[in-house]
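Chemist: Dropping the structure in here first, questions after.
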Amino acid sequence: MDQKRELSSIDLAALVTELNRYEGAKVDKAYLYDDDLLRLKLRDFDRGRVELMIEVGDIKRAHAADPDHVADAPGRPPNFAKMLRNRLSGADFAGVEQYEFDRILTFEFEREDQNTTLVAELFGQGNVAALDETGEVIGALSTVRLKSRTVAPGSQYEYPASRLNPLDVSRGAFDRHMRESDSDVVRTLATQLNLGGLYAEEVCTRAGVPKETPIEEATDDQLGALHDALARIDERLRSGDVDPRVYEEELSGDEADDRDPRVVDVTPFPLAEHEGLPSVGFDSFNAAVDEYFHRLGSEETDDGEAPADASASRPDFEEEIAKQERIIEQQKGAIEGFEEQAQAERERAELLYAHYDLVDEVISTVREARANEVPWDEIAETLDAGAERGIPAAEAVVDVNGGEGTVTVELEEEGDDGGTVTVELDASEGVEVNADRLYREAKRVEEKKAGAQEAIESTREELEAVKERKREWEEQQAADDGGDGDGGNGEDEEDDEEYETDWLARSSIPIRSPDDWFERFRWFHTSTGYLVIGGRNADQNEELVKKYMGKHDRFFHTQAHGGPVTLLKASGPSESADPVDFSEETLREAAQFAVSYSSDWKDGRGAGDAYMVEPDQVSKTPESGEYIEKGSFVIRGDRTYFEDVACRIAVGVQCEPVTRAIGGPPSAIVDRAAAHITFEPGMYAQNDAAMMAYRNLKKRFNDQSFVRKVASADQLQEFLPPGGSDIVD
């Protein structure tokens with residue numbers, strides 16, 4: 001049986017009711033994993049930490065997750081996550097709705113300065129869009145431009161065309177839609193009534209109607225039974241009457257001996273269609289969905305192919321270290337809580353003695369009344385009447401609980417800035433006994449604190465043990481990499497070199513992040529190794545000429561207006577340089593760089609012209625009576641032209657000697673990148689093209705987490721020209 005990977009419309013209808021229980025929770029932070037999993041960390045005053053997960057990739061889900069099921073925060077947040085943090089931090093979760101019967105959830109967040117709507121599209125390609133108060137799109141994971149609808153920054157968000165809701169359709173409309181079909185009952189329910197295959201079969205089973213019954217042969221009574229079955233499902237969803245199930249499937253063969261059953265489905269109530277499958281029940285559908293997708297992810301990780309050299313695969317020490325550190329933080333929080341609770345209990349005991357006469361009067365009054373068999377209700381009424389007359393002891397009483405035999409009083413703390421504290425008293429005991437009970441409770445809590453301190457020391461020892469294992473593993477790897485092994489021959493060394501450079505197949509690629517001065521500009525290294533840098537704006541154009549242009553460099557610009565200042569460097573910024581005889585290939589690559597990041601690309605032209613001059617031909621001094629805009633320069637003397645230069649840019653992932661995203665003319669990138677993609681001017685917006693490149697590159701690497709860290713969509717976007725782009729086949 002295929003495993004469920006997307007929540008159905010019926011699933012979402014059941015989830016909405018439960019998710020709305022978190023209304024009022026405050027948003028702390030937003031995270032984006034890969035390019036399709038959004039995590040919102042919230043704080044609920046009743047339930048504590050709440051993790052809202054929205055995934056719109058191959059798996060499509062939306063639910064609150066157990067914090068233990070949440071991965072550690074990713075690295076640098078992409079632009080979409082930054083935007084959400086800016087708009088949602090401190091906002092209140094105001095509720096969620098399902099859009100009609102579609103797999104679309106609309107989350108509302110309110111803040112004093114601005115409100116934000118998140119629309120999660122859990123169908124098709126999947127998407128998450130953030131909207132302002134007017135419904136205008138602020139940002140989206142994917143830009144959508146179709147004839148029927150548009151989802152793009154600056155546009156009004158448009159929902160897809162409405163679909164028939166089979167759960168609230170009238171009997172007449174139901175019969176009409178069914179009779180219009182020329183298929184059988186189950187297929188009509190699945191497609192025309194939008195139920196999907198599983199629930200279409202479930203409705204047939206519950207109604208007692210054979211699934212393959214042709215519509216023309218279906219009787220009115222059978223259609224009535226089908227409609228009644230739908231109505232019962234609708235009533236159950238609306239009332240919140242769920243009995244969630246995670247369904248499992250036993251593995252066969254040798255796998256069954258070593259593996260737990262795999263999960264195959266999660267539903268808000270038991271299904272007759274799954275009657276033969278073992279299942280696990282849950283208190284809430286949200287908890288069931290969370291457990292299902294957590295197990296599904298774990299199973300897929302376990303099912304992944306082992307690396308070619310299993311001994312060389314790196315254990316995930318970081319995850320274990322992060323887990324132990326997370327436990328320590330939780331234990332520290334528990335200790336602080338125990339300290340506060342113990343102190344509060346002692347302060348209550350001391351308040352009883354500080355207000356001894358008043359508390360004694362309250363207890364004596366209640367004990368005397370009970371000795372005379374006065375009912376608790378009458379005692380409460382008498383105290384209320386005494387409070388109205390201004391009797392201090394009666395005014396201090398805030399609750400009388402006859403079932404527990406307790407009286408709760410409100411006592412003023414000492415000091416000018418003191419507030420009030422409520423203390424529950426056992427009415428059958430005196431002041432001293434009640435105070436002693438509070439002292440004993442404080443002592444009991446402090447004993448729990450001592451236990452937590454022992455636990456934290458134990459966790460710290462485990463953390464150090466993991467770190468030690470990490471050090472030993474890294475030392476062993478270093479020894480293996482540096483040793484001669486079995487003293488193999490030259491042919492073996494060639495094989496080793498070939499393996500080491502097969503970056504796509506490696507299970508783990510170590511990250512060696514550079515910190516180069518030129519990375520804030522546009523840049524690339526030519527195929528001959530020279531650095532080319534270009535300005536991203538007028539300020540950077542000015543800076544490049546004034547600060548970084550050396551006397552042996554070459555200055556490039558396009559004939560078209562709106563191009564970057566481009567410098568072919570003869571040396572670094574602090575290095576002495578000698579005259580360089582640049583090759584024609586190097587000069588042509590610099591010219592292609594200048595053309596590709598100019599208005600030629602933005603205007604959709606496939607090629608453009610560029611020119612080159614010496615640094616001493618570049619000046620900020622205009623001719624008399626002329627004005628030069630910021631970022632522009634006067635060029636005097638002869639120019640060397642490069643005509644009909646193709647607009648082409650390649651982006652890729654570099655793995656040695658450093659690991660990072662790179663981009664530039666294809667001839668300079670192809671041999672330097674472990675994997676690359678080439679672009680030309682086209683129709684896809686810059687951010688969409690970057691996302692396409694990221695997804696494509698990530699699939700090529702065995703170590704996909706490496707691509708996410710060094711060449712995310714945001715990082716690749718830095719190398720794409722402004723304007724539309726298409727991938728070159």
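Residues are referred to by chain and number: the chain letter is A, B, ... according to the order shown in the structure tokens, the number counts from 1 in that chain, and ligands are numbered separately from 1 in the order shown.
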At a cut-off of 12 Å, using only C-alpha atoms, what residues contact A:Glu441? Leave out same-chain residues fewer than 2 positions from it and give the result as a PyMOL selection string.
Modeler: chain A and resi 338+341-349+434-439+443-448
Chemist: Do you know which residues are at most 6 Å from A:Gly139 counting only C-alpha atoms, after dropping those on the same chain fewer than 5 positions away, and could you put them as a PDB file with N, CA, C and O atoms, in the first residue's frame?
Modeler:
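So the final result, stored in around.pdb, reads:
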```
ATOM      1  N   ALA A 129       1.984  31.817   0.634  1.00  0.00           N
ATOM      2  CA  ALA A 129       1.999  33.234   0.293  1.00  0.00           C
ATOM      3  C   ALA A 129       1.670  34.055   1.526  1.00  0.00           C
ATOM      4  O   ALA A 129       0.779  33.699   2.301  1.00  0.00           O
ATOM      5  N   ALA A 130       2.383  35.151   1.707  1.00  0.00           N
ATOM      6  CA  ALA A 130       2.117  36.088   2.805  1.00  0.00           C
ATOM      7  C   ALA A 130       1.407  37.305   2.230  1.00  0.00           C
ATOM      8  O   ALA A 130       1.866  37.894   1.250  1.00  0.00           O
ATOM      9  N   PRO A 153       4.499  38.954  -5.743  1.00  0.00           N
ATOM     10  CA  PRO A 153       4.586  40.161  -4.921  1.00  0.00           C
ATOM     11  C   PRO A 153       4.015  41.378  -5.631  1.00  0.00           C
ATOM     12  O   PRO A 153       4.291  41.624  -6.808  1.00  0.00           O
TER      13      PRO A 153
END
```
Chemist: Just list as a VMD selection string whatever in stretch 16-199 of chain A DSSP marks as alpha helix (DSSP H).
Modeler: chain A and resid 16 to 19 79 to 88 171 to 179 185 to 191 197 to 199
Chemist: As a compact mmCIF listing (two decimals) with N, CA and C atoms, in the first residue's frame, please: the residues near A:Lys699 (cut-off 12 Å, only C-alpha atoms, same-chain neighbours under 4 positions excluded).
Modeler:
```txt
# COMPACT_ATOMS: atom_id res chain seq x y z
N LEU A 504 29.41 14.53 -6.29
CA LEU A 504 27.97 14.26 -6.34
C LEU A 504 27.61 12.98 -5.59
N ALA A 505 28.52 12.03 -5.57
CA ALA A 505 28.22 10.73 -4.95
C ALA A 505 28.57 10.68 -3.48
N ALA A 675 28.71 20.84 -10.10
CA ALA A 675 27.46 20.77 -10.86
C ALA A 675 27.06 22.20 -11.18
N HIS A 676 26.46 22.40 -12.35
CA HIS A 676 26.10 23.76 -12.76
C HIS A 676 24.85 23.75 -13.61
N MET A 692 14.48 27.26 -9.10
CA MET A 692 14.61 26.16 -10.06
C MET A 692 16.04 25.60 -10.05
N ALA A 693 17.01 26.52 -10.03
CA ALA A 693 18.41 26.07 -10.01
C ALA A 693 18.72 25.30 -8.75
N TYR A 694 18.24 25.80 -7.62
CA TYR A 694 18.51 25.14 -6.34
C TYR A 694 17.94 23.72 -6.32
N ARG A 695 16.69 23.59 -6.73
CA ARG A 695 16.06 22.27 -6.71
C ARG A 695 16.79 21.31 -7.64
N ASP A 703 24.64 14.28 -0.89
CA ASP A 703 24.59 15.07 0.34
C ASP A 703 23.78 16.34 0.07
N GLN A 704 22.45 16.22 0.13
CA GLN A 704 21.61 17.37 -0.21
C GLN A 704 21.68 18.46 0.84
N SER A 705 21.97 18.10 2.08
CA SER A 705 22.09 19.11 3.12
C SER A 705 23.27 20.04 2.84
N PHE A 706 24.30 19.52 2.18
CA PHE A 706 25.45 20.35 1.82
C PHE A 706 25.02 21.45 0.85
N VAL A 707 24.22 21.10 -0.14
CA VAL A 707 23.75 22.10 -1.11
C VAL A 707 22.91 23.15 -0.41
N ARG A 708 22.06 22.71 0.52
CA ARG A 708 21.22 23.66 1.25
C ARG A 708 22.06 24.67 2.02
```
Chemist: From the options A:Tyr548, A:Ala594, A:Asp516, A:Leu167, which residue's atoms come nearest to A:Arg536, counting only C-alpha atoms?
Modeler: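 When distances to A:Arg536 are compared using only C-alpha atoms, the smallest one comes from A:Ala594.
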Chemist: State, in Å with one decimal place, the distance from atom CA of A:Gly90 to atom CA of A:Leu32.
Modeler: 18.1 Å
Chemist: Quick one: residues within 10 Å of A:Ile511, only C-alpha atoms, excluding same-chain residues fewer than 4 positions away - as a list in words?
Modeler: Cys655, Glu656, Val658, Thr659, Arg660, Phe706, Lys709 and Val710 of chain A
Chemist: Residues near stretch 210-227 of chain A, anyone? I mean within 7 Å using only C-alpha atoms, not counting same-chain ones fewer than 3 positions away, as a list in words.
Modeler: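 So the residues in contact are Arg171, Asp175, Arg179, Ser181, Asp182, Ser183, Asp184, Val185, Val186, Glu201, Val203, Cys204, Ala207, Leu230 and Ala231 of chain A.
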Chemist: Taking a cut-off of 12 Å and counting only C-alpha atoms, can you build a table that, for each residue of stretch 182-248 of chain A near stretch 279-290 of chain A, reports the nearest atom pair and how far apart they are in Å (one decimal), sorted by chain then residue number, as a tab-separated table?
Modeler:
```
residue	atom	partner	partner_atom	distance
A:Leu237	CA	A:Phe285	CA	11.0
A:Gly240	CA	A:Ser284	CA	9.7
A:Asp241	CA	A:Ser284	CA	10.0
A:Val242	CA	A:Phe285	CA	7.1
A:Asp243	CA	A:Gly281	CA	7.1
A:Pro244	CA	A:Phe285	CA	5.1
A:Arg245	CA	A:Gly281	CA	4.8
A:Val246	CA	A:Val280	CA	5.2
A:Tyr247	CA	A:Ser279	CA	4.3
A:Glu248	CA	A:Ser279	CA	5.8
```
Chemist: Expressed in Å to a single decimal, how great is the separation between atom CA of A:Val431 and atom CA of A:Glu395?
Modeler: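 Computed distance, atom CA of A:Val431 to atom CA of A:Glu395, equals 17.9 Å.
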Chemist: Quick one: everything within 8 Å of A:Val421, counting only C-alpha atoms, minus sequence neighbours fewer than 6 positions away in the same chain. Send it as a short mmCIF file (atom, residue, chain, number, x, y, z; two decimals) with N, CA and C atoms, in the first residue's frame.
Modeler:
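Below you can see part-v6.cif, which holds the result:
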```
data_model
loop_
_atom_site.label_atom_id
_atom_site.label_comp_id
_atom_site.auth_asym_id
_atom_site.auth_seq_id
_atom_site.Cartn_x
_atom_site.Cartn_y
_atom_site.Cartn_z
N ARG A 348 4.43 32.19 50.94
CA ARG A 348 3.04 32.00 51.38
C ARG A 348 3.00 31.63 52.86
N GLU A 410 -6.86 35.98 50.27
CA GLU A 410 -5.96 36.86 49.54
C GLU A 410 -5.27 37.77 50.55
N LEU A 411 -3.95 37.68 50.63
CA LEU A 411 -3.18 38.41 51.64
C LEU A 411 -2.25 39.40 50.97
N GLU A 412 -2.09 40.55 51.60
CA GLU A 412 -1.23 41.59 51.06
C GLU A 412 0.22 41.31 51.44
N GLU A 413 1.12 41.47 50.43
CA GLU A 413 2.55 41.34 50.69
C GLU A 413 3.06 42.59 51.40
#
```
Chemist: If you run DSSP on the backbone here, which positions in stretch 541-649 of chain A get strand (DSSP E)? Please write them as a ChimeraX atom specification.
Modeler: /A:554-558,566-568,607-613,618-619,634-635,640-646,649
Chemist: Put those residues in a file: C-alpha atoms, as a CSV table (one decimal), in the first residue's frame.
Modeler:
```csv
chain,number,residue,atom,x,y,z
A,554,ARG,CA,41.1,46.5,-17.4
A,555,PHE,CA,37.8,48.4,-17.2
A,556,PHE,CA,34.7,47.0,-19.1
A,557,HIS,CA,31.3,48.4,-19.8
A,558,THR,CA,28.5,47.8,-22.2
A,566,THR,CA,33.4,45.6,-14.5
A,567,LEU,CA,37.0,45.3,-13.6
A,568,LEU,CA,39.4,42.5,-14.7
A,607,ALA,CA,23.4,39.3,-27.0
A,608,GLY,CA,25.1,42.7,-26.6
A,609,ASP,CA,28.2,44.7,-27.2
A,610,ALA,CA,30.9,45.7,-24.6
A,611,TYR,CA,34.1,47.7,-24.7
A,612,MET,CA,37.3,47.7,-22.7
A,613,VAL,CA,39.7,50.6,-21.8
A,618,VAL,CA,38.3,56.4,-16.9
A,619,SER,CA,37.5,59.8,-15.2
A,634,VAL,CA,33.7,59.7,-18.6
A,635,ILE,CA,35.7,57.5,-21.0
A,640,THR,CA,38.5,47.9,-27.6
A,641,TYR,CA,35.1,46.5,-28.6
A,642,PHE,CA,33.6,43.0,-28.1
A,643,GLU,CA,30.6,42.7,-30.4
A,644,ASP,CA,27.6,40.3,-30.3
A,645,VAL,CA,28.6,38.8,-26.9
A,646,ALA,CA,26.1,36.2,-25.8
A,649,ILE,CA,25.3,33.0,-17.1
```
Chemist: Quick one: of A:Ala64, A:Val266, A:Ile533, A:Leu38, who's nearest to A:Tyr597, counting only C-alpha atoms?
Modeler: A:Ile533
Chemist: Set the distance at 8 Å and use only C-alpha atoms: which residues neighbour A:Trp523 once local chain neighbours fewer than 3 positions away are removed? I'd like the list as a PyMOL selection string.
Modeler: chain A and resi 518-519+531-534+663-664
Chemist: Write out the residues from the selection above, keeping N, CA, C and O atoms, as a PDB file, in the first residue's frame.
Modeler:
```
ATOM      1  N   PHE A 518      35.876  40.285  -1.909  1.00  0.00           N
ATOM      2  CA  PHE A 518      35.126  40.681  -3.107  1.00  0.00           C
ATOM      3  C   PHE A 518      33.707  40.123  -3.154  1.00  0.00           C
ATOM      4  O   PHE A 518      32.949  40.444  -4.077  1.00  0.00           O
ATOM      5  N   GLU A 519      33.303  39.305  -2.173  1.00  0.00           N
ATOM      6  CA  GLU A 519      32.029  38.604  -2.284  1.00  0.00           C
ATOM      7  C   GLU A 519      30.813  39.517  -2.170  1.00  0.00           C
ATOM      8  O   GLU A 519      29.708  39.117  -2.518  1.00  0.00           O
ATOM      9  N   LEU A 531      40.561  37.384 -11.288  1.00  0.00           N
ATOM     10  CA  LEU A 531      39.329  37.837 -10.643  1.00  0.00           C
ATOM     11  C   LEU A 531      38.678  38.941 -11.471  1.00  0.00           C
ATOM     12  O   LEU A 531      39.350  39.886 -11.906  1.00  0.00           O
ATOM     13  N   VAL A 532      37.358  38.820 -11.664  1.00  0.00           N
ATOM     14  CA  VAL A 532      36.554  39.865 -12.300  1.00  0.00           C
ATOM     15  C   VAL A 532      35.492  40.285 -11.296  1.00  0.00           C
ATOM     16  O   VAL A 532      34.807  39.426 -10.712  1.00  0.00           O
ATOM     17  N   ILE A 533      35.358  41.594 -11.056  1.00  0.00           N
ATOM     18  CA  ILE A 533      34.347  42.102 -10.118  1.00  0.00           C
ATOM     19  C   ILE A 533      33.504  43.167 -10.804  1.00  0.00           C
ATOM     20  O   ILE A 533      33.984  43.910 -11.665  1.00  0.00           O
ATOM     21  N   GLY A 534      32.238  43.236 -10.406  1.00  0.00           N
ATOM     22  CA  GLY A 534      31.308  44.213 -10.973  1.00  0.00           C
ATOM     23  C   GLY A 534      30.437  44.817  -9.899  1.00  0.00           C
ATOM     24  O   GLY A 534      30.185  44.203  -8.852  1.00  0.00           O
ATOM     25  N   GLY A 663      29.030  31.770  -9.801  1.00  0.00           N
ATOM     26  CA  GLY A 663      28.280  32.110 -10.999  1.00  0.00           C
ATOM     27  C   GLY A 663      29.079  33.031 -11.883  1.00  0.00           C
ATOM     28  O   GLY A 663      29.935  33.787 -11.407  1.00  0.00           O
ATOM     29  N   GLY A 664      28.818  32.963 -13.201  1.00  0.00           N
ATOM     30  CA  GLY A 664      29.514  33.808 -14.153  1.00  0.00           C
ATOM     31  C   GLY A 664      29.412  33.218 -15.543  1.00  0.00           C
ATOM     32  O   GLY A 664      28.585  32.326 -15.801  1.00  0.00           O
TER      33      GLY A 664
END
```
Chemist: Identify which of the residues A:Val423, A:Ser364, A:Asn194, A:Asp384 lies closest to A:Leu352, counting only C-alpha atoms when measuring atom-to-atom distances.
Modeler: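 Checking each candidate against A:Leu352, we get A:Val423 as the closest.
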Chemist: So, with only C-alpha atoms as the atoms that count, which of A:Val50, A:Gln125, A:Glu300, A:Val137 lies closest to A:Gln3?
Modeler: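 Answer, going by the shortest atom-to-atom distance: A:Glu300.
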Chemist: Counting only C-alpha atoms, which of A:Asp234, A:Glu614, A:Asp46, A:Glu55 gets nearest to A:Asp34?
Modeler: A:Glu55
Chemist: So what do you get for atom CA of A:Leu383 versus atom CA of A:Val407, distance-wise?
Modeler: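 We find that atom CA of A:Leu383 and atom CA of A:Val407 lie 10.8 Å from each other.
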Chemist: Counting only C-alpha atoms, which of A:Ile391, A:Pro166, A:Ala190, A:Gly57 gets nearest to A:Val128?
Modeler: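 With only C-alpha atoms as the atom set, the closest residue is A:Gly57.
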